[in-house]
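Structure record follows, encoded as structure tokens.
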Amino acid sequence: MSTVFAKILAGEISCDKVYEDKHVLAFKDIHPKAPIHILIIPKKEIRDLQSVKPEEMHLISAVVSAAQKIALDLGVTDGYRLVTNNGSKVGQTIFHLHFHLLAGAVMDNL
Ligand code: AMP
């Protein structure tokens with residue numbers, strides 16, 4: 001199944017890119033839920049966090065490393081949230097693994 005994120009990766013849909021390396025792409029969320037709302041996705045098509053195979057775990061490191069760099073770049077190392085929705089029950093709508101980096105506002109405790 002081709003998701004909107006696969007189309008972004010293929011260059012068929014544009015995005016507001018903030019970071020890219022060999023393993024990940026990061027771009028601004030089209031419907032931001034916070035002043036800073038970036039999506040970080042592995043370039044490899046993986047459905048969700050639960051589907052990550054042991055041999056793909058380095059892609060999770062790549063996402064975390066990208067989040068650190070983006071936070072540094074945007075000056076929010078002292079306060080950001082990195083979350084992923086695993087499954088439609090908790091709000092996942094696009095079934096290509098992605099992490100939301102949220103910052104720029106005071107957020108409630110989870
Ligand atoms: P989730 O609900 O966790 O699956 O998150 C999907 C996110 O993708 C939502 O926050 C949407 O606003 C965002 N989104 C959907 N389409 C696009 C797009 N073309 N460019 C950027 N963000 C998008």
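All residue names refer to the structure tokens as shown: chains lettered A, B, ... in order, residues numbered from 1 in each chain, ligands numbered from 1 in order.
When the distance limit is 10 Å and only C-alpha atoms are what count, the residues near range 5-7 of chain A, minus those fewer than 5 positions from it on the same chain, are Glu12, Ile13, Ser14, Cys15, Leu25, Ile41, Pro42, Lys43, Lys44, Glu45, Ile94, Phe95, His96, Leu97 and His98 of chain A.
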Could you save those same residues with N, CA, C and O atoms as a PDB file, in the first residue's frame?
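This is the output file part-v5.pdb:
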ATOM      1  N   GLU A  12       6.670  12.642  -5.402  1.00  0.00           N
ATOM      2  CA  GLU A  12       5.399  12.852  -6.115  1.00  0.00           C
ATOM      3  C   GLU A  12       4.547  13.915  -5.432  1.00  0.00           C
ATOM      4  O   GLU A  12       3.655  14.505  -6.052  1.00  0.00           O
ATOM      5  N   ILE A  13       4.787  14.101  -4.129  1.00  0.00           N
ATOM      6  CA  ILE A  13       4.088  15.137  -3.344  1.00  0.00           C
ATOM      7  C   ILE A  13       5.186  15.938  -2.668  1.00  0.00           C
ATOM      8  O   ILE A  13       6.171  15.363  -2.194  1.00  0.00           O
ATOM      9  N   SER A  14       5.004  17.248  -2.607  1.00  0.00           N
ATOM     10  CA  SER A  14       6.057  18.063  -1.995  1.00  0.00           C
ATOM     11  C   SER A  14       5.890  18.101  -0.481  1.00  0.00           C
ATOM     12  O   SER A  14       4.819  17.770   0.063  1.00  0.00           O
ATOM     13  N   CYS A  15       6.972  18.459   0.196  1.00  0.00           N
ATOM     14  CA  CYS A  15       6.914  18.619   1.646  1.00  0.00           C
ATOM     15  C   CYS A  15       7.837  19.760   2.024  1.00  0.00           C
ATOM     16  O   CYS A  15       8.676  20.177   1.221  1.00  0.00           O
ATOM     17  N   LEU A  25      13.929  11.064   6.612  1.00  0.00           N
ATOM     18  CA  LEU A  25      13.510  12.366   6.081  1.00  0.00           C
ATOM     19  C   LEU A  25      12.649  13.012   7.167  1.00  0.00           C
ATOM     20  O   LEU A  25      11.862  12.319   7.837  1.00  0.00           O
ATOM     21  N   ILE A  41      10.552  10.438   9.495  1.00  0.00           N
ATOM     22  CA  ILE A  41      10.175   9.119   8.980  1.00  0.00           C
ATOM     23  C   ILE A  41      11.403   8.372   8.471  1.00  0.00           C
ATOM     24  O   ILE A  41      12.305   8.983   7.890  1.00  0.00           O
ATOM     25  N   PRO A  42      11.443   7.052   8.683  1.00  0.00           N
ATOM     26  CA  PRO A  42      12.490   6.285   8.015  1.00  0.00           C
ATOM     27  C   PRO A  42      12.165   6.219   6.521  1.00  0.00           C
ATOM     28  O   PRO A  42      10.989   6.183   6.141  1.00  0.00           O
ATOM     29  N   LYS A  43      13.200   6.227   5.695  1.00  0.00           N
ATOM     30  CA  LYS A  43      12.946   6.138   4.252  1.00  0.00           C
ATOM     31  C   LYS A  43      12.410   4.757   3.886  1.00  0.00           C
ATOM     32  O   LYS A  43      11.669   4.619   2.921  1.00  0.00           O
ATOM     33  N   LYS A  44      12.792   3.777   4.664  1.00  0.00           N
ATOM     34  CA  LYS A  44      12.284   2.429   4.423  1.00  0.00           C
ATOM     35  C   LYS A  44      10.806   2.370   4.821  1.00  0.00           C
ATOM     36  O   LYS A  44      10.423   2.896   5.870  1.00  0.00           O
ATOM     37  N   GLU A  45      10.013   1.731   3.982  1.00  0.00           N
ATOM     38  CA  GLU A  45       8.584   1.644   4.269  1.00  0.00           C
ATOM     39  C   GLU A  45       8.337   0.583   5.343  1.00  0.00           C
ATOM     40  O   GLU A  45       8.510  -0.616   5.103  1.00  0.00           O
ATOM     41  N   ILE A  94      -1.604   7.338   9.182  1.00  0.00           N
ATOM     42  CA  ILE A  94      -0.753   7.043   8.020  1.00  0.00           C
ATOM     43  C   ILE A  94       0.145   5.867   8.402  1.00  0.00           C
ATOM     44  O   ILE A  94       0.907   5.943   9.386  1.00  0.00           O
ATOM     45  N   PHE A  95       0.035   4.799   7.620  1.00  0.00           N
ATOM     46  CA  PHE A  95       0.699   3.552   8.013  1.00  0.00           C
ATOM     47  C   PHE A  95       2.064   3.399   7.351  1.00  0.00           C
ATOM     48  O   PHE A  95       2.365   2.419   6.689  1.00  0.00           O
ATOM     49  N   HIS A  96       2.848   4.440   7.573  1.00  0.00           N
ATOM     50  CA  HIS A  96       4.282   4.448   7.298  1.00  0.00           C
ATOM     51  C   HIS A  96       4.875   5.037   8.586  1.00  0.00           C
ATOM     52  O   HIS A  96       4.555   6.183   8.935  1.00  0.00           O
ATOM     53  N   LEU A  97       5.686   4.248   9.268  1.00  0.00           N
ATOM     54  CA  LEU A  97       6.220   4.659  10.578  1.00  0.00           C
ATOM     55  C   LEU A  97       6.692   6.114  10.570  1.00  0.00           C
ATOM     56  O   LEU A  97       7.417   6.527   9.666  1.00  0.00           O
ATOM     57  N   HIS A  98       6.260   6.863  11.568  1.00  0.00           N
ATOM     58  CA  HIS A  98       6.698   8.255  11.689  1.00  0.00           C
ATOM     59  C   HIS A  98       6.668   8.667  13.149  1.00  0.00           C
ATOM     60  O   HIS A  98       5.875   8.152  13.944  1.00  0.00           O
TER      61      HIS A  98
END
Compute the set of protein, DNA and RNA residues whose minimum atom distance to ligand 1 is at most 6 Å, using only C-alpha atoms and all ligand atoms, and state it as a VMD selection string.
chain A and resid 15 28 to 31 85 91 to 94
Print the selection's residues with C-alpha atoms to a file, as a PDB file, in the first residue's frame.
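The new file part-v2.pdb reads:
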ATOM      1  CA  CYS A  15       6.914  18.619   1.646  1.00  0.00           C
ATOM      2  CA  LYS A  28       6.838  19.967   8.792  1.00  0.00           C
ATOM      3  CA  ASP A  29       3.459  18.475   9.645  1.00  0.00           C
ATOM      4  CA  ILE A  30       0.788  19.899   7.386  1.00  0.00           C
ATOM      5  CA  HIS A  31      -1.646  20.318  10.331  1.00  0.00           C
ATOM      6  CA  ASN A  85       1.190   6.429  17.264  1.00  0.00           C
ATOM      7  CA  GLY A  91      -4.655   7.754  16.360  1.00  0.00           C
ATOM      8  CA  GLN A  92      -2.317   6.442  13.676  1.00  0.00           C
ATOM      9  CA  THR A  93      -3.731   7.548  10.324  1.00  0.00           C
ATOM     10  CA  ILE A  94      -0.753   7.043   8.020  1.00  0.00           C
TER      11      ILE A  94
END
Would you list the contacts of range 105-109 of chain A as a PyMOL selection string, taking every protein, DNA or RNA residue within 9 Å and counting only C-alpha atoms, but skipping same-chain residues closer than 4 positions in sequence?
chain A and resi 34-36+79-81
Export C-alpha atoms of the chosen residues as a PDB file, in the first residue's frame?
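Generated output (result23.pdb):
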ATOM      1  CA  ALA A  34       2.184  22.718  18.302  1.00  0.00           C
ATOM      2  CA  PRO A  35       4.231  25.734  17.165  1.00  0.00           C
ATOM      3  CA  ILE A  36       6.927  23.260  16.112  1.00  0.00           C
ATOM      4  CA  GLY A  79      11.860  20.913  25.726  1.00  0.00           C
ATOM      5  CA  TYR A  80      10.493  18.701  23.037  1.00  0.00           C
ATOM      6  CA  ARG A  81       8.353  15.602  22.746  1.00  0.00           C
TER       7      ARG A  81
END
Which of chain A DSSP labels alpha helix (DSSP H), written as a ChimeraX atom specification:
/A:4-9,57-74
Using N, CA, C and O atoms, can you export the residues from the last selection as a compact mmCIF listing (two decimals), in the first residue's frame?
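Final output, saved to again_3.txt:
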# COMPACT_ATOMS: atom_id res chain seq x y z
N VAL A 4 0.83 8.37 1.73
CA VAL A 4 1.20 9.74 1.36
C VAL A 4 2.69 9.97 1.65
O VAL A 4 3.37 10.70 0.90
N PHE A 5 3.23 9.30 2.67
CA PHE A 5 4.65 9.49 2.97
C PHE A 5 5.53 8.81 1.91
O PHE A 5 6.60 9.30 1.57
N ALA A 6 5.08 7.68 1.38
CA ALA A 6 5.81 7.03 0.28
C ALA A 6 5.83 7.97 -0.92
O ALA A 6 6.85 8.09 -1.62
N LYS A 7 4.72 8.67 -1.13
CA LYS A 7 4.65 9.61 -2.26
C LYS A 7 5.58 10.81 -2.04
O LYS A 7 6.20 11.30 -2.97
N ILE A 8 5.68 11.25 -0.79
CA ILE A 8 6.62 12.33 -0.47
C ILE A 8 8.05 11.85 -0.73
O ILE A 8 8.86 12.53 -1.36
N LEU A 9 8.36 10.64 -0.27
CA LEU A 9 9.71 10.09 -0.47
C LEU A 9 10.03 9.93 -1.96
O LEU A 9 11.18 10.11 -2.38
N MET A 57 16.40 -2.06 13.53
CA MET A 57 16.45 -1.20 14.73
C MET A 57 17.39 -0.01 14.56
O MET A 57 17.19 1.03 15.20
N HIS A 58 18.39 -0.13 13.69
CA HIS A 58 19.29 1.01 13.48
C HIS A 58 18.52 2.20 12.90
O HIS A 58 18.95 3.35 13.04
N LEU A 59 17.38 1.94 12.28
CA LEU A 59 16.57 3.04 11.73
C LEU A 59 15.93 3.86 12.85
O LEU A 59 15.71 5.05 12.71
N ILE A 60 15.65 3.20 13.97
CA ILE A 60 15.11 3.92 15.13
C ILE A 60 16.20 4.82 15.72
O ILE A 60 15.94 5.97 16.08
N SER A 61 17.41 4.31 15.77
CA SER A 61 18.55 5.16 16.19
C SER A 61 18.68 6.35 15.26
O SER A 61 18.95 7.47 15.72
N ALA A 62 18.52 6.10 13.99
CA ALA A 62 18.65 7.20 13.00
C ALA A 62 17.58 8.25 13.24
O ALA A 62 17.85 9.46 13.12
N VAL A 63 16.37 7.82 13.60
CA VAL A 63 15.30 8.78 13.88
C VAL A 63 15.65 9.61 15.12
O VAL A 63 15.51 10.84 15.13
N VAL A 64 16.13 8.94 16.16
CA VAL A 64 16.47 9.65 17.41
C VAL A 64 17.62 10.63 17.16
O VAL A 64 17.59 11.78 17.62
N SER A 65 18.59 10.18 16.39
CA SER A 65 19.72 11.05 16.07
C SER A 65 19.24 12.27 15.27
O SER A 65 19.68 13.40 15.53
N ALA A 66 18.34 12.06 14.34
CA ALA A 66 17.77 13.18 13.57
C ALA A 66 17.01 14.12 14.50
O ALA A 66 17.13 15.35 14.37
N ALA A 67 16.26 13.57 15.43
CA ALA A 67 15.50 14.40 16.37
C ALA A 67 16.44 15.29 17.18
O ALA A 67 16.17 16.49 17.38
N GLN A 68 17.55 14.72 17.63
CA GLN A 68 18.53 15.52 18.38
C GLN A 68 19.06 16.68 17.54
O GLN A 68 19.18 17.81 18.01
N LYS A 69 19.39 16.38 16.30
CA LYS A 69 19.94 17.42 15.41
C LYS A 69 18.90 18.50 15.12
O LYS A 69 19.20 19.69 15.14
N ILE A 70 17.68 18.08 14.87
CA ILE A 70 16.61 19.06 14.56
C ILE A 70 16.35 19.93 15.80
O ILE A 70 16.22 21.16 15.69
N ALA A 71 16.31 19.31 16.98
CA ALA A 71 16.07 20.06 18.22
C ALA A 71 17.18 21.10 18.43
O ALA A 71 16.91 22.24 18.83
N LEU A 72 18.40 20.69 18.13
CA LEU A 72 19.54 21.61 18.27
C LEU A 72 19.39 22.77 17.28
O LEU A 72 19.54 23.94 17.64
N ASP A 73 19.08 22.42 16.08
CA ASP A 73 18.90 23.41 15.00
C ASP A 73 17.81 24.43 15.33
O ASP A 73 17.95 25.61 15.02
N LEU A 74 16.73 23.94 15.92
CA LEU A 74 15.58 24.81 16.19
C LEU A 74 15.64 25.44 17.58
O LEU A 74 14.74 26.18 17.97
Where does DSSP see strand (DSSP E or B) in range 6-73 of chain A, if you list the residues as a ChimeraX atom specification?
/A:17-20,24-28,36-42
Okay, now the selection with N, CA and C atoms, as a short mmCIF file (atom, residue, chain, number, x, y, z; two decimals), in the first residue's frame?
data_model
loop_
_atom_site.label_atom_id
_atom_site.label_comp_id
_atom_site.auth_asym_id
_atom_site.auth_seq_id
_atom_site.Cartn_x
_atom_site.Cartn_y
_atom_site.Cartn_z
N LYS A 17 10.68 20.28 3.85
CA LYS A 17 11.77 19.46 4.44
C LYS A 17 12.60 20.25 5.44
N VAL A 18 12.90 19.61 6.58
CA VAL A 18 13.79 20.27 7.54
C VAL A 18 15.09 19.49 7.75
N TYR A 19 15.09 18.22 7.38
CA TYR A 19 16.31 17.41 7.59
C TYR A 19 16.22 16.16 6.72
N GLU A 20 17.38 15.73 6.25
CA GLU A 20 17.43 14.46 5.49
C GLU A 20 18.81 13.84 5.64
N VAL A 24 16.70 8.73 6.99
CA VAL A 24 15.46 9.39 7.38
C VAL A 24 15.21 10.69 6.63
N LEU A 25 13.93 11.06 6.61
CA LEU A 25 13.51 12.37 6.08
C LEU A 25 12.65 13.01 7.17
N ALA A 26 12.80 14.31 7.34
CA ALA A 26 11.98 15.04 8.32
C ALA A 26 11.39 16.27 7.63
N PHE A 27 10.11 16.51 7.91
CA PHE A 27 9.42 17.63 7.27
C PHE A 27 8.32 18.13 8.20
N LYS A 28 7.86 19.36 7.92
CA LYS A 28 6.84 19.97 8.79
C LYS A 28 5.49 19.27 8.60
N ILE A 36 5.98 24.07 16.89
CA ILE A 36 6.93 23.26 16.11
C ILE A 36 6.37 21.85 16.06
N HIS A 37 6.11 21.37 14.86
CA HIS A 37 5.57 20.01 14.69
C HIS A 37 6.21 19.43 13.42
N ILE A 38 7.20 18.59 13.65
CA ILE A 38 7.97 17.97 12.57
C ILE A 38 7.70 16.47 12.57
N LEU A 39 7.61 15.90 11.40
CA LEU A 39 7.49 14.45 11.28
C LEU A 39 8.84 13.90 10.83
N ILE A 40 9.29 12.86 11.52
CA ILE A 40 10.55 12.20 11.14
C ILE A 40 10.19 10.78 10.71
N ILE A 41 10.55 10.44 9.49
CA ILE A 41 10.17 9.12 8.98
C ILE A 41 11.40 8.37 8.47
N PRO A 42 11.44 7.05 8.68
CA PRO A 42 12.49 6.28 8.02
C PRO A 42 12.17 6.22 6.52
#
Given the choices A:Lys53, A:Pro32, A:Leu82, A:Val76, which gets closest to His100 in chain A if the distance is worked out from only C-alpha atoms?
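Selected residue with least distance to His100 in chain A: A:Leu82.
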Which value, in Å to one decimal, gives the distance between CA of Gly87 in chain A and CA of Val52 in chain A?
13.4 Å
